[in-house]
Amino acid sequence: MNFVFISPHFPNSYWNFCDRLHQRGVNVLGIGDAPYEGLSDQLKSCLTEYYRVENMEDYDQMVRAMGYFTHKYGKIDWLESNNEYWLEQDAKLREDFNITTGMHTAQVANVRRKSTMKKFYEQAGVPVARYHMVTNLEEGLAFANTVGYPVFVKPDGGMGAEDSYKLSNEDDMRWFYSTKQDVEYIMEEFISGDIWSYDGISDSHGDIIFESVVSWPKSIADIVNKKDHLSYYTANALPSDLCEKGRATVKSFGVKSRFFHLEFFRLTEAKEGLGNVGDIVALEVNMRPAGGWTPDMYNYANSVDVYSIWADMVVYDKTYVDLNKEKYFAVYASQRYGKPYVHSADEIRQRFAGKIVLDEEIPEAISGAMGNHMWTARLDTEAEKDEFIHFIHEVYQ
């Protein structure tokens, strides 16, 4: 099997995907913009060959790289980046090189535009917020008058929480229209809720072979805009209602042979037309692993190797990994440079010695949402989870 992995060097942990494919006898062919000498030894050891391009956004360069691999190794069976940023380009390369595994352009359109996602959530029986495609100030004011302030606005085809805003009154609305970028935005009624995601891997029939849930902060957008720290965790149990809605959403979107990351609100305030406190409401979907170190958190929480589960899916269309192992809380907490924290990095390491499983600087490319330095711990109880987050985030007043 010939597998082209796009940008295998970023994020740093993605060498694990290549390694597990290599262990299963796959020719792993990497395309990226990093110099070969700069790749980690782990990544080099599991790549059959690496083709460097100067600019991964130059489609002609990517086509030349694919043409080289096709000429040398024969037909390419798989192409994947597991990265939201490259979804559209991945799909176009699949089509141009007759790769039948993975999403093609029409499917990507369904999972990249937040306005388009809503109909698939509705087909799955999940309520969705009312929305308005941003046009002009007058129509924006009319929408807010209908649903009430605050409203939330974000790029319809955007990624992450960049350029996303909570608009609380008419002055905020006027500011947004006077400063917004020249891209399509979606405006939605504001929902008060905790954010949970239903994450996993599906096989070629759309059946789920691995599932996990993650609890996220209420607003990544606030963290980005206010340059705050971040905490989130992978839970040690699967809430039945979230799993039910998540599984139905996977089927509705027709997710096959890939990772998925489906986001939901759990209402903390009743919302007319959507539900009562505790009910599940749609947020948005991403057809890739959750960002940062979350794949490793799946592992620590579920005592598994999710990279092997994914590679099993690619090679065997099922997994041989034992999924019935002990469960934990895998908890991420970061600090942001310049904040007056009570506890130093050394104090954190000493206090949670034997519990911390990741302790790393965060690359600048993702520090806006993730913080500047992170610790992840594997913990037994919710009380330990809360204590860990508080200890790291406590600041002098």
# chains A, B, ... in the order shown; residues from 1 in each chain; ligands from 1

$ closest_atom_pairs --of "region 188-288 of chain A" --to "region 380-393 of chain A" --cutoff "10 Å" --atoms "only C-alpha atoms" --output "tab-separated table"
residue	atom	partner	partner_atom	distance
A:Asp228	CA	A:His393	CA	9.9
A:His229	CA	A:His393	CA	7.4
A:Leu230	CA	A:His393	CA	8.6
A:Ser231	CA	A:Ile389	CA	6.7
A:Tyr232	CA	A:Ile389	CA	8.8
A:Tyr233	CA	A:Lys385	CA	8.3
A:Ala235	CA	A:Glu382	CA	8.9
A:Asn236	CA	A:Asp380	CA	8.3

$ select_by_dssp --residues "region 170-232 of chain A" --states "strand (DSSP E or B)" --output "ChimeraX atom specification"
/A:185-189,193-202,208-216,231-232

$ write_last_selection --atoms "C-alpha atoms" --output "mmCIF file, in the first residue's frame"
data_model
loop_
_atom_site.group_PDB
_atom_site.id
_atom_site.type_symbol
_atom_site.label_atom_id
_atom_site.label_comp_id
_atom_site.auth_asym_id
_atom_site.auth_seq_id
_atom_site.Cartn_x
_atom_site.Cartn_y
_atom_site.Cartn_z
ATOM 1 C CA TYR A 185 -19.418 35.417 7.925
ATOM 2 C CA ILE A 186 -22.208 33.591 9.697
ATOM 3 C CA MET A 187 -24.091 35.247 12.570
ATOM 4 C CA GLU A 188 -25.868 33.009 15.077
ATOM 5 C CA GLU A 189 -28.032 33.428 18.128
ATOM 6 C CA GLY A 193 -23.587 26.078 27.257
ATOM 7 C CA ASP A 194 -20.620 23.908 28.069
ATOM 8 C CA ILE A 195 -18.818 22.624 24.985
ATOM 9 C CA TRP A 196 -18.342 18.900 24.551
ATOM 10 C CA SER A 197 -17.011 17.000 21.567
ATOM 11 C CA TYR A 198 -17.677 13.476 20.405
ATOM 12 C CA ASP A 199 -14.463 12.259 18.782
ATOM 13 C CA GLY A 200 -13.467 9.039 17.118
ATOM 14 C CA ILE A 201 -12.633 7.003 14.037
ATOM 15 C CA SER A 202 -15.013 5.407 11.549
ATOM 16 C CA ILE A 208 -17.453 3.716 14.606
ATOM 17 C CA ILE A 209 -14.444 1.714 15.737
ATOM 18 C CA PHE A 210 -13.223 4.156 18.410
ATOM 19 C CA GLU A 211 -15.029 6.877 20.360
ATOM 20 C CA SER A 212 -14.129 9.327 23.093
ATOM 21 C CA VAL A 213 -15.501 12.578 24.532
ATOM 22 C CA VAL A 214 -13.749 15.826 25.404
ATOM 23 C CA SER A 215 -14.896 18.724 27.577
ATOM 24 C CA TRP A 216 -13.777 22.134 26.272
ATOM 25 C CA SER A 231 -7.686 23.936 30.096
ATOM 26 C CA TYR A 232 -9.736 21.028 28.809
#

$ closest_residue --among "A:Tyr165, A:Phe253, A:Tyr337, A:Trp78" --to "Glu284 (chain A)" --atoms "only C-alpha atoms"
A:Phe253

$ closest_residue --among "A:Val53, A:Val4, A:Cys243, A:Leu137" --to "Thr101 (chain A)" --atoms "only C-alpha atoms"
A:Val4

$ closest_atom_pairs --of "region 42-119 of chain A" --to "region 304-321 of chain A" --cutoff "12 Å" --atoms "only C-alpha atoms" --output "CSV"
residue,atom,partner,partner_atom,distance
A:Asp77,CA,A:Val314,CA,9.9
A:Trp78,CA,A:Val314,CA,8.4
A:Leu79,CA,A:Val314,CA,10.7
A:Glu80,CA,A:Val314,CA,10.6
A:Asn82,CA,A:Trp310,CA,10.7
A:Thr101,CA,A:Val314,CA,9.3
A:Gly102,CA,A:Val314,CA,10.2

$ select_by_dssp --residues "region 27-90 of chain A" --states "helix (DSSP H, G or I)" --output "ChimeraX atom specification"
/A:36-38,41-46,59-73,84-90

$ write_last_selection --atoms "N, CA and C atoms" --output "PDB file, in the first residue's frame"
ATOM      1  N   TYR A  36      14.400  18.330   5.000  1.00  0.00           N
ATOM      2  CA  TYR A  36      14.503  16.959   5.486  1.00  0.00           C
ATOM      3  C   TYR A  36      15.368  16.895   6.746  1.00  0.00           C
ATOM      4  N   GLU A  37      16.439  17.707   6.777  1.00  0.00           N
ATOM      5  CA  GLU A  37      17.346  17.672   7.924  1.00  0.00           C
ATOM      6  C   GLU A  37      16.641  18.106   9.201  1.00  0.00           C
ATOM      7  N   GLY A  38      15.553  18.897   9.068  1.00  0.00           N
ATOM      8  CA  GLY A  38      14.847  19.380  10.231  1.00  0.00           C
ATOM      9  C   GLY A  38      13.791  18.429  10.765  1.00  0.00           C
ATOM     10  N   ASP A  41      14.065  12.455  14.115  1.00  0.00           N
ATOM     11  CA  ASP A  41      14.583  11.125  13.792  1.00  0.00           C
ATOM     12  C   ASP A  41      13.454  10.095  13.755  1.00  0.00           C
ATOM     13  N   GLN A  42      12.452  10.271  14.641  1.00  0.00           N
ATOM     14  CA  GLN A  42      11.323   9.325  14.640  1.00  0.00           C
ATOM     15  C   GLN A  42      10.598   9.354  13.297  1.00  0.00           C
ATOM     16  N   LEU A  43      10.377  10.569  12.773  1.00  0.00           N
ATOM     17  CA  LEU A  43       9.662  10.685  11.503  1.00  0.00           C
ATOM     18  C   LEU A  43      10.507  10.146  10.354  1.00  0.00           C
ATOM     19  N   LYS A  44      11.772  10.501  10.326  1.00  0.00           N
ATOM     20  CA  LYS A  44      12.645  10.004   9.251  1.00  0.00           C
ATOM     21  C   LYS A  44      12.646   8.483   9.189  1.00  0.00           C
ATOM     22  N   SER A  45      12.630   7.842  10.354  1.00  0.00           N
ATOM     23  CA  SER A  45      12.762   6.382  10.398  1.00  0.00           C
ATOM     24  C   SER A  45      11.538   5.660   9.842  1.00  0.00           C
ATOM     25  N   CYS A  46      10.392   6.330   9.759  1.00  0.00           N
ATOM     26  CA  CYS A  46       9.188   5.637   9.293  1.00  0.00           C
ATOM     27  C   CYS A  46       8.700   6.120   7.932  1.00  0.00           C
ATOM     28  N   TYR A  59      -0.309  24.732  -5.569  1.00  0.00           N
ATOM     29  CA  TYR A  59      -0.854  23.434  -5.981  1.00  0.00           C
ATOM     30  C   TYR A  59       0.015  22.754  -7.031  1.00  0.00           C
ATOM     31  N   ASP A  60       0.637  23.534  -7.895  1.00  0.00           N
ATOM     32  CA  ASP A  60       1.500  22.931  -8.923  1.00  0.00           C
ATOM     33  C   ASP A  60       2.654  22.168  -8.290  1.00  0.00           C
ATOM     34  N   GLN A  61       3.215  22.709  -7.207  1.00  0.00           N
ATOM     35  CA  GLN A  61       4.297  22.010  -6.521  1.00  0.00           C
ATOM     36  C   GLN A  61       3.798  20.706  -5.911  1.00  0.00           C
ATOM     37  N   MET A  62       2.602  20.739  -5.358  1.00  0.00           N
ATOM     38  CA  MET A  62       2.045  19.522  -4.768  1.00  0.00           C
ATOM     39  C   MET A  62       1.769  18.473  -5.837  1.00  0.00           C
ATOM     40  N   VAL A  63       1.294  18.907  -6.988  1.00  0.00           N
ATOM     41  CA  VAL A  63       1.038  17.979  -8.096  1.00  0.00           C
ATOM     42  C   VAL A  63       2.349  17.353  -8.575  1.00  0.00           C
ATOM     43  N   ARG A  64       3.402  18.151  -8.660  1.00  0.00           N
ATOM     44  CA  ARG A  64       4.693  17.586  -9.083  1.00  0.00           C
ATOM     45  C   ARG A  64       5.190  16.540  -8.082  1.00  0.00           C
ATOM     46  N   ALA A  65       5.002  16.814  -6.805  1.00  0.00           N
ATOM     47  CA  ALA A  65       5.407  15.850  -5.782  1.00  0.00           C
ATOM     48  C   ALA A  65       4.614  14.552  -5.923  1.00  0.00           C
ATOM     49  N   MET A  66       3.305  14.674  -6.123  1.00  0.00           N
ATOM     50  CA  MET A  66       2.471  13.487  -6.304  1.00  0.00           C
ATOM     51  C   MET A  66       2.848  12.736  -7.582  1.00  0.00           C
ATOM     52  N   GLY A  67       3.133  13.475  -8.636  1.00  0.00           N
ATOM     53  CA  GLY A  67       3.541  12.834  -9.885  1.00  0.00           C
ATOM     54  C   GLY A  67       4.836  12.050  -9.723  1.00  0.00           C
ATOM     55  N   TYR A  68       5.761  12.617  -8.958  1.00  0.00           N
ATOM     56  CA  TYR A  68       7.029  11.917  -8.699  1.00  0.00           C
ATOM     57  C   TYR A  68       6.772  10.607  -7.968  1.00  0.00           C
ATOM     58  N   PHE A  69       5.956  10.657  -6.907  1.00  0.00           N
ATOM     59  CA  PHE A  69       5.688   9.437  -6.147  1.00  0.00           C
ATOM     60  C   PHE A  69       4.932   8.410  -6.993  1.00  0.00           C
ATOM     61  N   THR A  70       4.002   8.866  -7.794  1.00  0.00           N
ATOM     62  CA  THR A  70       3.246   7.941  -8.652  1.00  0.00           C
ATOM     63  C   THR A  70       4.157   7.259  -9.664  1.00  0.00           C
ATOM     64  N   HIS A  71       5.042   8.014 -10.253  1.00  0.00           N
ATOM     65  CA  HIS A  71       5.973   7.445 -11.238  1.00  0.00           C
ATOM     66  C   HIS A  71       6.900   6.415 -10.582  1.00  0.00           C
ATOM     67  N   LYS A  72       7.335   6.701  -9.347  1.00  0.00           N
ATOM     68  CA  LYS A  72       8.318   5.834  -8.700  1.00  0.00           C
ATOM     69  C   LYS A  72       7.693   4.628  -8.015  1.00  0.00           C
ATOM     70  N   TYR A  73       6.505   4.814  -7.387  1.00  0.00           N
ATOM     71  CA  TYR A  73       5.928   3.755  -6.548  1.00  0.00           C
ATOM     72  C   TYR A  73       4.641   3.160  -7.098  1.00  0.00           C
ATOM     73  N   GLU A  84      -7.130  20.082   9.412  1.00  0.00           N
ATOM     74  CA  GLU A  84      -8.236  20.878   8.868  1.00  0.00           C
ATOM     75  C   GLU A  84      -7.789  21.815   7.755  1.00  0.00           C
ATOM     76  N   TYR A  85      -6.610  22.394   7.910  1.00  0.00           N
ATOM     77  CA  TYR A  85      -6.144  23.405   6.963  1.00  0.00           C
ATOM     78  C   TYR A  85      -6.018  22.854   5.548  1.00  0.00           C
ATOM     79  N   TRP A  86      -5.684  21.563   5.433  1.00  0.00           N
ATOM     80  CA  TRP A  86      -5.401  20.991   4.116  1.00  0.00           C
ATOM     81  C   TRP A  86      -6.558  20.160   3.562  1.00  0.00           C
ATOM     82  N   LEU A  87      -7.728  20.189   4.198  1.00  0.00           N
ATOM     83  CA  LEU A  87      -8.825  19.318   3.767  1.00  0.00           C
ATOM     84  C   LEU A  87      -9.175  19.519   2.297  1.00  0.00           C
ATOM     85  N   GLU A  88      -9.318  20.768   1.874  1.00  0.00           N
ATOM     86  CA  GLU A  88      -9.737  21.035   0.497  1.00  0.00           C
ATOM     87  C   GLU A  88      -8.667  20.618  -0.501  1.00  0.00           C
ATOM     88  N   GLN A  89      -7.420  20.919  -0.180  1.00  0.00           N
ATOM     89  CA  GLN A  89      -6.347  20.529  -1.092  1.00  0.00           C
ATOM     90  C   GLN A  89      -6.174  19.017  -1.122  1.00  0.00           C
ATOM     91  N   ASP A  90      -6.304  18.363   0.028  1.00  0.00           N
ATOM     92  CA  ASP A  90      -6.255  16.897   0.063  1.00  0.00           C
ATOM     93  C   ASP A  90      -7.288  16.319  -0.896  1.00  0.00           C
TER      94      ASP A  90
END

$ closest_residue --among "A:Ser13, A:Ser115, A:Asp33, A:Ser178" --to "Glu360 (chain A)" --atoms "only C-alpha atoms"
A:Ser13

$ residues_around --residues "Val357 (chain A)" --least-positions-apart "2" --cutoff "8 Å" --atoms "only C-alpha atoms" --output "mmCIF file with C-alpha atoms, in the first residue's frame"
data_model
loop_
_atom_site.group_PDB
_atom_site.id
_atom_site.type_symbol
_atom_site.label_atom_id
_atom_site.label_comp_id
_atom_site.auth_asym_id
_atom_site.auth_seq_id
_atom_site.Cartn_x
_atom_site.Cartn_y
_atom_site.Cartn_z
ATOM 1 C CA GLY A 354 4.103 10.796 38.639
ATOM 2 C CA LYS A 355 0.856 12.203 37.228
ATOM 3 C CA ASP A 359 5.242 18.858 29.702
ATOM 4 C CA TRP A 375 1.128 20.206 31.123
ATOM 5 C CA THR A 376 -1.110 17.161 30.707
ATOM 6 C CA ALA A 377 -1.816 14.794 33.584
ATOM 7 C CA ARG A 378 -3.543 11.429 33.836
#

$ closest_atom_pairs --of "region 253-322 of chain A" --to "region 138-156 of chain A" --cutoff "12 Å" --atoms "only C-alpha atoms" --output "CSV"
residue,atom,partner,partner_atom,distance
A:Lys271,CA,A:Val147,CA,10.7
A:Glu272,CA,A:Val147,CA,10.1
A:Gly273,CA,A:Val147,CA,11.0
A:Leu283,CA,A:Phe152,CA,11.8
A:Glu284,CA,A:Asp156,CA,10.7
